[in-house]
Amino acid sequence: MKQTAFLLLFMLGSFSLFAQSEKYQKTMQQRIAEIETAVQNGNMPALANTFERIAEAEKNQWLPYYYAAYCQVMTALLEQDKSKVDPIADKAEVLLKKAEELAGGANSEINVIYSMIATAHLTVDPAARWMQYGQSSSAFLEKAKAQDPTNPRPLYLEGQSKFYTPEQFGGGKAAAAQVLEKAIAMFDQFKPASELHPTWGKAAAQYFLAQCK
Amino acid sequence: MKISALNHLILLLLLLISQLAALGQTTVRGRLLTPKGKPVPGASLAIKDSYDGTTTDSTGRFQFETTEKGRQLLQVTAIGYKPVEEWLELNGTPVELKLTIKEAIDELKAVVVTAGSFEASDTKRTTVLSSIDVVTTASANADVTAALRTLPGTQQIGEREGLFVRGGSGEEARVFIDGTLVNNFFYSALPDLATRGRFSPFLFKGTVFSSGGYSALYGQALSGALILETIDLPDQSSASLGISSVGLSGGYQHLNKKKTASWGANYGYTNLYPYFQLVKQRPDYFRIPAFHAGDANFRIKTSKTGMLKFYSTIQANQLGIRTPDIDSGSLKNSFGLTNYNIYTNLAWKERLGKKWKLFLGTSYSLNQDDIENRLQDQDNKDQLIREQPYVSKSFDVDARGSLLQVKTVFDRRLGSGLSVLRFGGEWLYFKDDVKFRDTIARNNLQEDQFKAGFAEVDVYITNNLAAKLGTRVEHSSLLGRANMVPRLSMAYKLGEKGQASLAYGIFYQKPERNQLLLNPDLRFTKAAHYIANYQVINSSYTFRAEVFYKKYEDLVKTFPSTNNSGKGYAKGIEFFWRDKKTIEGVDYWVSYSYLDTKRDYLNFPGSLQPNFAANHTASLVVKKFITKWKTQFNASYSFATGRPYYNIRFDQGANKFIVADQGKTIPFNNLSLSVNYLPAIGRSGANSFTVWVLSVNNVLNQNQIFNYNYSYDGLTRRPIRPAANQFFFIGCFISFGVDRSQDVINSNL
């Protein structure tokens, strides 16, 4: 009798565990799908908060923190009022640090976000900040490339940065197009580790490539 | 029994109801405001340990459904605010909330006390001038203090070294490197000519220029303080080579693989012989200026938060100038100088635990000037005439001055905000040995053990209101006197970007050594500063307006006797405007200073506007990088109204000093241009980088007169002018392994 009760309890427990992970899976998929349109409809800050809530509730998943950091840094990059950028980027970094801890170190995807955070800081005052943030932004991208040569995102960001850099300094549309084409080819080949792992960037890369022509 | 059955029934019913409620969702809605009633948009609301929550809209309103039930914790967070938690009872009934959230005090938003000081640093997120600005200011020729002369509060002085700040003389502004006083920041003084600073601007990552009301951590400067912080570890190992119209230089910096330590050494040789062949100088340089300068450094990260820095320079230089003697048409005055200088600085910074920071700095410097001044005839033969005024024109001076000092500062964070308590002390040992020989020889040795203790607290009352309260106690063994002064400042933020600051302080300074020879019983000289400032800074422009009043007391009078009866005042208003956005690709700044000052000191017969003070001073600095040409163009224009000059003579009949003649110099004008050409920009993979520099000072060849010298009999007056109207510089600087050009280009993107 006791054993049956125990078994029942155990089954109930594992059922709720299963339900929990299914809920995680389902919610994450929904939210990740929302990222694509979030730039257009100004939903990035709210989405960042949503991912942070999931992360805090889950406690041991790095991906929700990763997406929260991604949405925050996108918010920082889209922010028009430059005086607000630094605190948002700092918040993204706090979230990313948590992702890094849970992921057992900074992987290629995490380093991509670190690079974007540095870029966000840079945009506030490029003249005064280049030495600090310009160099660290590209250093993170190099690291990300080295860690996962199949990851198209560092290449896409490199192309985007070349797009905004004057020709005389090694940037320009032609140089950007080269990198972006390569990035898009890599996006086509790229296989995420799971349904929840990052896949973003292809549409943006295509957009910038179109601007190059 | 009956009762018990009823009880059971009720219990069952209750259970059922609560189960039913639990199946449904609870709506939580409300509004999030600041205590002042301002809506807080973008804030995150979350039921702890659940996915449920939302983000506030632009009016601070929120609404969400939750399946959680019972007593649950709602967490509210927003960037720049202190987190708020609220317990909720979730049972299906909609929850209406009115929440308030307070701003967090944080460094980025918090007001910074700015009255009187200009910060130029690469690390601060908002700066007025950065280090690279110093190098690309056209009139500066890479001299730190010359670049500061384009800021309000400073005078355009060309006949003496030093920073002349708000009616103060050059001696009244002092320079500090990594916390400690620098005794001979400028090259040794020359008769009627200004000298440069000894230190390269590339040595410093941060500059704070205070034109008054500075912190209790510093003292012994009546008018201003220039506080310089040296760079940390370099980005990579590199070697550099430079060749220019005035000399050669080379250096090497090594960074270890782990990027935890670096060392380096540089050597530069400057010789003006080729330049003087091409550009005629007014004085006859019988010994062409030649300078050797070697320096060495190491920087070690002693821990994650600790940094040990060492810098040392050894310099040797010589020059000789011959000018016509003012008292006689047939004689010449010849001045020869040989200078040796050693400067060493060792500083350590470390964080101790969560709340404490420690700074420990020590420095040693030794300066030796050997001067020979001679009266010579037309064949440059020494003449010794034993009557006034000639007798005092043949002399030798061997001056040897050293300074050893130690300084410690403890920093303790107070509470969870930004408030900090700072305290510490310093010990300085000055030793000045001067041998003077004219008709007789006189030796004088002056020693001073100078001690100071200080404490300062930065109090953040709110994000918008901060105060800095400090006190400083000093004792000089030479004077046998002590002083204690207050330093106060506060700042209040007005709106998003604007802020107003007030500062007050009392500043003491030792009398000059010559004055102490005349009367060893002199007291400290004293100045009180009152400053009010308003400033607006954002990423595209900076605006500052500042008014000040400065009261001098106990200045040294040298007649009728040497005592502390001198006094004076300075007051004025200053404006600064810098704009990087309005004109595409152009960065410019404008500064204007109005100064009204008079003082009665030295042998002044009354209260006079000193000859180092112009009433109106203005500067315009413009920089533009033209990407297509890989070239940066810099221009600067400085203007100052004429300065007064006096012939203060002793009147035998009246037995006192009188102003026998006076006037105003012509206004000062200087247009300077410089061009930096960076041919290797963007050449990816290049392992060497070249910067070409071309600069011209006083492009329009305008006449500059700084002051007048009078003959002994007062009948002859001669203008003091620069050694040459114009200065031309061309140089090429190459660095290997490091892309220093990035500094220049990216500061212009």
# chains A, B, ... in the order shown; residues from 1 in each chain; ligands from 1
>>> select_by_dssp(residues="chain A", states="helix (DSSP H, G or I)", output="PyMOL selection string")
chain A and resi 2-38+44-58+62-78+82-102+108-124+126-147+152-164+167-169+173-189+202-212
>>> interface_residues(of="chain A", to="chain B", cutoff="9 Å", atoms="only C-alpha atoms", output="PyMOL selection string")
chain A and resi 27+45-47+49-59+82-83+86-88+91+124-132+134+165-171
>>> residues_around(residues="B:Ser416", least_positions_apart="2", cutoff="12 Å", atoms="only C-alpha atoms", output="ChimeraX atom specification")
/B:82,104-106,354-355,412-414,418-420,459-460
>>> write_last_selection(atoms="N, CA and C atoms", output="compact mmCIF listing (two decimals), in the first residue's frame")
# COMPACT_ATOMS: atom_id res chain seq x y z
N LYS B 82 15.23 51.48 -7.92
CA LYS B 82 15.44 50.46 -6.89
C LYS B 82 14.32 49.43 -7.00
N ALA B 104 17.13 54.74 -8.39
CA ALA B 104 18.35 54.26 -7.74
C ALA B 104 19.43 55.30 -7.94
N ILE B 105 20.29 55.45 -6.95
CA ILE B 105 21.40 56.38 -7.11
C ILE B 105 22.48 55.63 -7.85
N ASP B 106 22.77 56.07 -9.05
CA ASP B 106 23.85 55.38 -9.73
C ASP B 106 24.75 56.36 -10.43
N LYS B 354 35.05 44.73 -0.14
CA LYS B 354 34.00 45.31 -0.98
C LYS B 354 33.91 46.82 -0.84
N LYS B 355 34.27 47.33 0.32
CA LYS B 355 34.00 48.72 0.62
C LYS B 355 35.23 49.62 0.51
N ARG B 412 36.39 54.72 1.34
CA ARG B 412 35.42 53.76 1.87
C ARG B 412 34.04 54.13 1.39
N ARG B 413 33.38 53.16 0.75
CA ARG B 413 32.01 53.39 0.30
C ARG B 413 31.07 53.37 1.48
N LEU B 414 30.14 54.30 1.44
CA LEU B 414 29.20 54.39 2.55
C LEU B 414 27.84 53.94 2.06
N LEU B 418 26.33 55.78 -3.77
CA LEU B 418 27.62 56.21 -4.29
C LEU B 418 28.41 57.00 -3.27
N SER B 419 27.87 57.23 -2.11
CA SER B 419 28.55 58.04 -1.13
C SER B 419 29.86 57.40 -0.71
N VAL B 420 30.88 58.23 -0.60
CA VAL B 420 32.23 57.73 -0.32
C VAL B 420 32.89 58.63 0.71
N VAL B 459 28.66 62.97 -0.55
CA VAL B 459 27.35 62.54 -0.08
C VAL B 459 26.33 62.68 -1.19
N TYR B 460 25.71 61.55 -1.54
CA TYR B 460 24.63 61.61 -2.51
C TYR B 460 23.32 61.57 -1.75
>>> atom_distance(atom1="atom CA of A:Lys84", atom2="atom CA of B:Asp587")
22.9 Å
>>> atom_distance(atom1="atom CA of B:Ala570", atom2="atom CA of B:His529")
9.4 Å
>>> residues_around(residues="stretch 706-723 of chain B", least_positions_apart="5", cutoff="6 Å", atoms="only C-alpha atoms", output="ChimeraX atom specification")
/B:281-282,326-327,645
>>> write_last_selection(atoms="C-alpha atoms", output="PDB file, in the first residue's frame")
ATOM      1  CA  GLN B 281      65.139  83.867 -33.946  1.00  0.00           C
ATOM      2  CA  ARG B 282      65.221  87.221 -32.192  1.00  0.00           C
ATOM      3  CA  ILE B 326      68.611  97.304 -21.912  1.00  0.00           C
ATOM      4  CA  ASP B 327      70.728  99.796 -19.965  1.00  0.00           C
ATOM      5  CA  TYR B 645      52.437  96.835 -17.992  1.00  0.00           C
TER       6      TYR B 645
END
>>> residues_around(residues="B:Arg400", least_positions_apart="2", cutoff="10 Å", atoms="only C-alpha atoms", output="number ranges by chain")
B: 339-341, 366-370, 397-398, 402, 431-435, 445
>>> closest_residue(among="B:Gln236, B:Asp438, B:Ile231, B:Pro201", to="B:Lys257", atoms="only C-alpha atoms")
B:Gln236
>>> residues_around(residues="B:Gly361", least_positions_apart="3", cutoff="12 Å", atoms="only C-alpha atoms", output="PyMOL selection string")
chain B and resi 176-181+307-311+344-350+358+364+404-410+424-428
>>> write_last_selection(atoms="C-alpha atoms", output="PDB file, in the first residue's frame")
ATOM      1  CA  PHE B 176      49.960  66.526  -9.820  1.00  0.00           C
ATOM      2  CA  ILE B 177      50.780  63.222 -11.522  1.00  0.00           C
ATOM      3  CA  ASP B 178      49.116  60.097 -10.128  1.00  0.00           C
ATOM      4  CA  GLY B 179      48.208  61.944  -6.958  1.00  0.00           C
ATOM      5  CA  THR B 180      51.577  63.439  -6.101  1.00  0.00           C
ATOM      6  CA  LEU B 181      52.932  66.949  -6.615  1.00  0.00           C
ATOM      7  CA  MET B 307      47.645  48.100 -10.336  1.00  0.00           C
ATOM      8  CA  LEU B 308      51.234  49.067  -9.678  1.00  0.00           C
ATOM      9  CA  LYS B 309      52.726  51.763 -11.912  1.00  0.00           C
ATOM     10  CA  PHE B 310      56.242  53.057 -12.198  1.00  0.00           C
ATOM     11  CA  TYR B 311      57.446  55.904 -14.332  1.00  0.00           C
ATOM     12  CA  THR B 344      60.265  59.155 -10.534  1.00  0.00           C
ATOM     13  CA  ASN B 345      56.800  58.087  -9.564  1.00  0.00           C
ATOM     14  CA  LEU B 346      55.590  54.798  -8.100  1.00  0.00           C
ATOM     15  CA  ALA B 347      51.896  54.360  -7.415  1.00  0.00           C
ATOM     16  CA  TRP B 348      49.770  51.441  -6.261  1.00  0.00           C
ATOM     17  CA  LYS B 349      46.012  51.153  -6.285  1.00  0.00           C
ATOM     18  CA  GLU B 350      44.091  48.245  -4.816  1.00  0.00           C
ATOM     19  CA  LEU B 358      43.681  52.034  -1.110  1.00  0.00           C
ATOM     20  CA  TYR B 364      61.118  61.566  -5.991  1.00  0.00           C
ATOM     21  CA  LEU B 404      60.574  63.266  -1.859  1.00  0.00           C
ATOM     22  CA  GLN B 405      56.993  62.487  -1.044  1.00  0.00           C
ATOM     23  CA  VAL B 406      54.610  59.779   0.069  1.00  0.00           C
ATOM     24  CA  LYS B 407      50.851  59.935  -0.112  1.00  0.00           C
ATOM     25  CA  THR B 408      48.121  57.512   0.917  1.00  0.00           C
ATOM     26  CA  VAL B 409      44.407  57.777   0.338  1.00  0.00           C
ATOM     27  CA  PHE B 410      41.797  55.412   1.753  1.00  0.00           C
ATOM     28  CA  GLY B 424      44.620  60.031   4.069  1.00  0.00           C
ATOM     29  CA  GLY B 425      47.797  61.923   4.433  1.00  0.00           C
ATOM     30  CA  GLU B 426      50.937  63.003   2.720  1.00  0.00           C
ATOM     31  CA  TRP B 427      54.480  63.784   3.662  1.00  0.00           C
ATOM     32  CA  LEU B 428      56.724  65.902   1.487  1.00  0.00           C
TER      33      LEU B 428
END
>>> atom_distance(atom1="atom CA of B:Phe423", atom2="atom CA of B:Glu171")
26.7 Å
>>> select_by_dssp(residues="stretch 533-687 of chain B", states="strand (DSSP E)", output="VMD selection string")
chain B and resid 533 to 537 541 to 557 563 to 579 586 to 600 616 to 626 631 to 640 644 to 651 656 to 664 668 to 677
>>> residues_around(residues="A:Ser137", least_positions_apart="2", cutoff="6 Å", atoms="only C-alpha atoms", output="ChimeraX atom specification")
/A:115,118-119,133-135,139-140
>>> write_last_selection(atoms="C-alpha atoms", output="JSON list (two decimals), in the first residue's frame")
[["chain", "number", "residue", "atom", "x", "y", "z"],
["A", 115, "SER", "CA", 30.36, 42.12, -28.97],
["A", 118, "ALA", "CA", 30.43, 46.75, -26.68],
["A", 119, "THR", "CA", 29.02, 48.19, -29.91],
["A", 133, "TYR", "CA", 34.78, 49.52, -27.02],
["A", 134, "GLY", "CA", 35.66, 49.41, -30.72],
["A", 135, "GLN", "CA", 38.51, 47.05, -30.14],
["A", 139, "ALA", "CA", 37.81, 40.99, -30.33],
["A", 140, "PHE", "CA", 34.60, 39.29, -29.12]]
>>> decode(residues="stretch 68-172 of chain A", atoms="C-alpha atoms", output="PDB file, in the first residue's frame")
ATOM      1  CA  ALA A  68      16.875  38.348 -22.448  1.00  0.00           C
ATOM      2  CA  ALA A  69      20.374  39.762 -22.970  1.00  0.00           C
ATOM      3  CA  TYR A  70      19.882  39.722 -26.742  1.00  0.00           C
ATOM      4  CA  CYS A  71      16.586  41.617 -26.497  1.00  0.00           C
ATOM      5  CA  GLN A  72      18.095  44.132 -24.079  1.00  0.00           C
ATOM      6  CA  VAL A  73      21.108  44.826 -26.268  1.00  0.00           C
ATOM      7  CA  MET A  74      18.827  45.204 -29.292  1.00  0.00           C
ATOM      8  CA  THR A  75      16.816  47.710 -27.245  1.00  0.00           C
ATOM      9  CA  ALA A  76      20.049  49.565 -26.476  1.00  0.00           C
ATOM     10  CA  LEU A  77      21.065  49.582 -30.138  1.00  0.00           C
ATOM     11  CA  LEU A  78      17.639  50.849 -31.232  1.00  0.00           C
ATOM     12  CA  GLU A  79      17.445  53.532 -28.545  1.00  0.00           C
ATOM     13  CA  GLN A  80      17.543  57.030 -30.042  1.00  0.00           C
ATOM     14  CA  ASP A  81      18.280  58.827 -26.788  1.00  0.00           C
ATOM     15  CA  LYS A  82      21.985  58.084 -26.409  1.00  0.00           C
ATOM     16  CA  SER A  83      22.004  58.930 -22.721  1.00  0.00           C
ATOM     17  CA  LYS A  84      19.796  55.901 -22.065  1.00  0.00           C
ATOM     18  CA  VAL A  85      21.977  53.421 -23.936  1.00  0.00           C
ATOM     19  CA  ASP A  86      24.622  52.726 -21.290  1.00  0.00           C
ATOM     20  CA  PRO A  87      22.276  51.582 -18.509  1.00  0.00           C
ATOM     21  CA  ILE A  88      20.387  49.295 -20.916  1.00  0.00           C
ATOM     22  CA  ALA A  89      23.620  47.800 -22.226  1.00  0.00           C
ATOM     23  CA  ASP A  90      24.799  47.314 -18.636  1.00  0.00           C
ATOM     24  CA  LYS A  91      21.579  45.460 -17.894  1.00  0.00           C
ATOM     25  CA  ALA A  92      22.162  43.247 -20.939  1.00  0.00           C
ATOM     26  CA  GLU A  93      25.604  42.447 -19.610  1.00  0.00           C
ATOM     27  CA  VAL A  94      24.262  41.445 -16.201  1.00  0.00           C
ATOM     28  CA  LEU A  95      21.853  39.026 -17.905  1.00  0.00           C
ATOM     29  CA  LEU A  96      24.556  37.702 -20.206  1.00  0.00           C
ATOM     30  CA  LYS A  97      26.878  37.033 -17.275  1.00  0.00           C
ATOM     31  CA  LYS A  98      24.161  34.801 -15.802  1.00  0.00           C
ATOM     32  CA  ALA A  99      23.776  32.985 -19.113  1.00  0.00           C
ATOM     33  CA  GLU A 100      27.538  32.518 -19.232  1.00  0.00           C
ATOM     34  CA  GLU A 101      27.562  31.029 -15.759  1.00  0.00           C
ATOM     35  CA  LEU A 102      24.793  28.549 -16.543  1.00  0.00           C
ATOM     36  CA  ALA A 103      26.277  27.648 -19.920  1.00  0.00           C
ATOM     37  CA  GLY A 104      29.545  26.813 -18.199  1.00  0.00           C
ATOM     38  CA  GLY A 105      31.490  29.601 -19.910  1.00  0.00           C
ATOM     39  CA  ALA A 106      31.187  32.072 -22.728  1.00  0.00           C
ATOM     40  CA  ASN A 107      30.390  30.103 -25.871  1.00  0.00           C
ATOM     41  CA  SER A 108      30.378  31.459 -29.401  1.00  0.00           C
ATOM     42  CA  GLU A 109      26.789  32.746 -29.186  1.00  0.00           C
ATOM     43  CA  ILE A 110      27.412  34.474 -25.866  1.00  0.00           C
ATOM     44  CA  ASN A 111      30.520  36.192 -27.238  1.00  0.00           C
ATOM     45  CA  VAL A 112      28.409  37.492 -30.126  1.00  0.00           C
ATOM     46  CA  ILE A 113      26.182  39.281 -27.602  1.00  0.00           C
ATOM     47  CA  TYR A 114      29.228  40.602 -25.707  1.00  0.00           C
ATOM     48  CA  SER A 115      30.365  42.122 -28.974  1.00  0.00           C
ATOM     49  CA  MET A 116      26.959  43.755 -29.486  1.00  0.00           C
ATOM     50  CA  ILE A 117      27.042  45.166 -25.955  1.00  0.00           C
ATOM     51  CA  ALA A 118      30.427  46.753 -26.675  1.00  0.00           C
ATOM     52  CA  THR A 119      29.016  48.193 -29.910  1.00  0.00           C
ATOM     53  CA  ALA A 120      26.060  49.663 -28.014  1.00  0.00           C
ATOM     54  CA  HIS A 121      28.434  51.433 -25.604  1.00  0.00           C
ATOM     55  CA  LEU A 122      30.478  52.608 -28.564  1.00  0.00           C
ATOM     56  CA  THR A 123      27.561  54.293 -30.314  1.00  0.00           C
ATOM     57  CA  VAL A 124      27.075  56.700 -27.396  1.00  0.00           C
ATOM     58  CA  ASP A 125      30.271  58.588 -28.183  1.00  0.00           C
ATOM     59  CA  PRO A 126      32.305  56.879 -30.912  1.00  0.00           C
ATOM     60  CA  ALA A 127      35.053  59.482 -30.796  1.00  0.00           C
ATOM     61  CA  ALA A 128      35.906  59.092 -27.149  1.00  0.00           C
ATOM     62  CA  ARG A 129      35.078  55.412 -26.816  1.00  0.00           C
ATOM     63  CA  TRP A 130      36.697  53.811 -29.788  1.00  0.00           C
ATOM     64  CA  MET A 131      39.826  52.753 -27.965  1.00  0.00           C
ATOM     65  CA  GLN A 132      37.885  50.891 -25.341  1.00  0.00           C
ATOM     66  CA  TYR A 133      34.778  49.517 -27.023  1.00  0.00           C
ATOM     67  CA  GLY A 134      35.660  49.414 -30.716  1.00  0.00           C
ATOM     68  CA  GLN A 135      38.514  47.052 -30.141  1.00  0.00           C
ATOM     69  CA  SER A 136      36.738  44.853 -27.635  1.00  0.00           C
ATOM     70  CA  SER A 137      33.705  44.563 -29.933  1.00  0.00           C
ATOM     71  CA  SER A 138      35.780  43.096 -32.749  1.00  0.00           C
ATOM     72  CA  ALA A 139      37.810  40.990 -30.329  1.00  0.00           C
ATOM     73  CA  PHE A 140      34.601  39.293 -29.121  1.00  0.00           C
ATOM     74  CA  LEU A 141      33.586  38.589 -32.702  1.00  0.00           C
ATOM     75  CA  GLU A 142      36.956  36.997 -33.444  1.00  0.00           C
ATOM     76  CA  LYS A 143      36.581  34.859 -30.337  1.00  0.00           C
ATOM     77  CA  ALA A 144      33.079  33.828 -31.398  1.00  0.00           C
ATOM     78  CA  LYS A 145      34.328  32.856 -34.846  1.00  0.00           C
ATOM     79  CA  ALA A 146      37.170  30.822 -33.438  1.00  0.00           C
ATOM     80  CA  GLN A 147      34.888  28.973 -31.009  1.00  0.00           C
ATOM     81  CA  ASP A 148      32.401  27.986 -33.673  1.00  0.00           C
ATOM     82  CA  PRO A 149      33.548  28.458 -37.277  1.00  0.00           C
ATOM     83  CA  THR A 150      30.070  27.452 -38.504  1.00  0.00           C
ATOM     84  CA  ASN A 151      28.305  30.219 -36.559  1.00  0.00           C
ATOM     85  CA  PRO A 152      27.102  32.768 -39.139  1.00  0.00           C
ATOM     86  CA  ARG A 153      26.232  35.505 -36.606  1.00  0.00           C
ATOM     87  CA  PRO A 154      29.742  36.852 -35.964  1.00  0.00           C
ATOM     88  CA  LEU A 155      30.237  37.088 -39.708  1.00  0.00           C
ATOM     89  CA  TYR A 156      26.927  38.878 -40.180  1.00  0.00           C
ATOM     90  CA  LEU A 157      27.872  41.412 -37.490  1.00  0.00           C
ATOM     91  CA  GLU A 158      31.279  41.892 -39.055  1.00  0.00           C
ATOM     92  CA  GLY A 159      29.572  42.604 -42.372  1.00  0.00           C
ATOM     93  CA  GLN A 160      27.216  45.054 -40.709  1.00  0.00           C
ATOM     94  CA  SER A 161      30.119  46.860 -39.057  1.00  0.00           C
ATOM     95  CA  LYS A 162      31.930  47.058 -42.404  1.00  0.00           C
ATOM     96  CA  PHE A 163      28.747  48.486 -43.887  1.00  0.00           C
ATOM     97  CA  TYR A 164      28.929  51.438 -41.489  1.00  0.00           C
ATOM     98  CA  THR A 165      32.712  51.927 -41.744  1.00  0.00           C
ATOM     99  CA  PRO A 166      33.985  54.339 -44.424  1.00  0.00           C
ATOM    100  CA  GLU A 167      35.766  52.771 -47.390  1.00  0.00           C
ATOM    101  CA  GLN A 168      39.018  54.539 -46.528  1.00  0.00           C
ATOM    102  CA  PHE A 169      39.166  52.690 -43.223  1.00  0.00           C
ATOM    103  CA  GLY A 170      38.692  49.276 -44.769  1.00  0.00           C
ATOM    104  CA  GLY A 171      34.885  49.279 -44.746  1.00  0.00           C
ATOM    105  CA  GLY A 172      32.393  50.245 -47.425  1.00  0.00           C
TER     106      GLY A 172
END
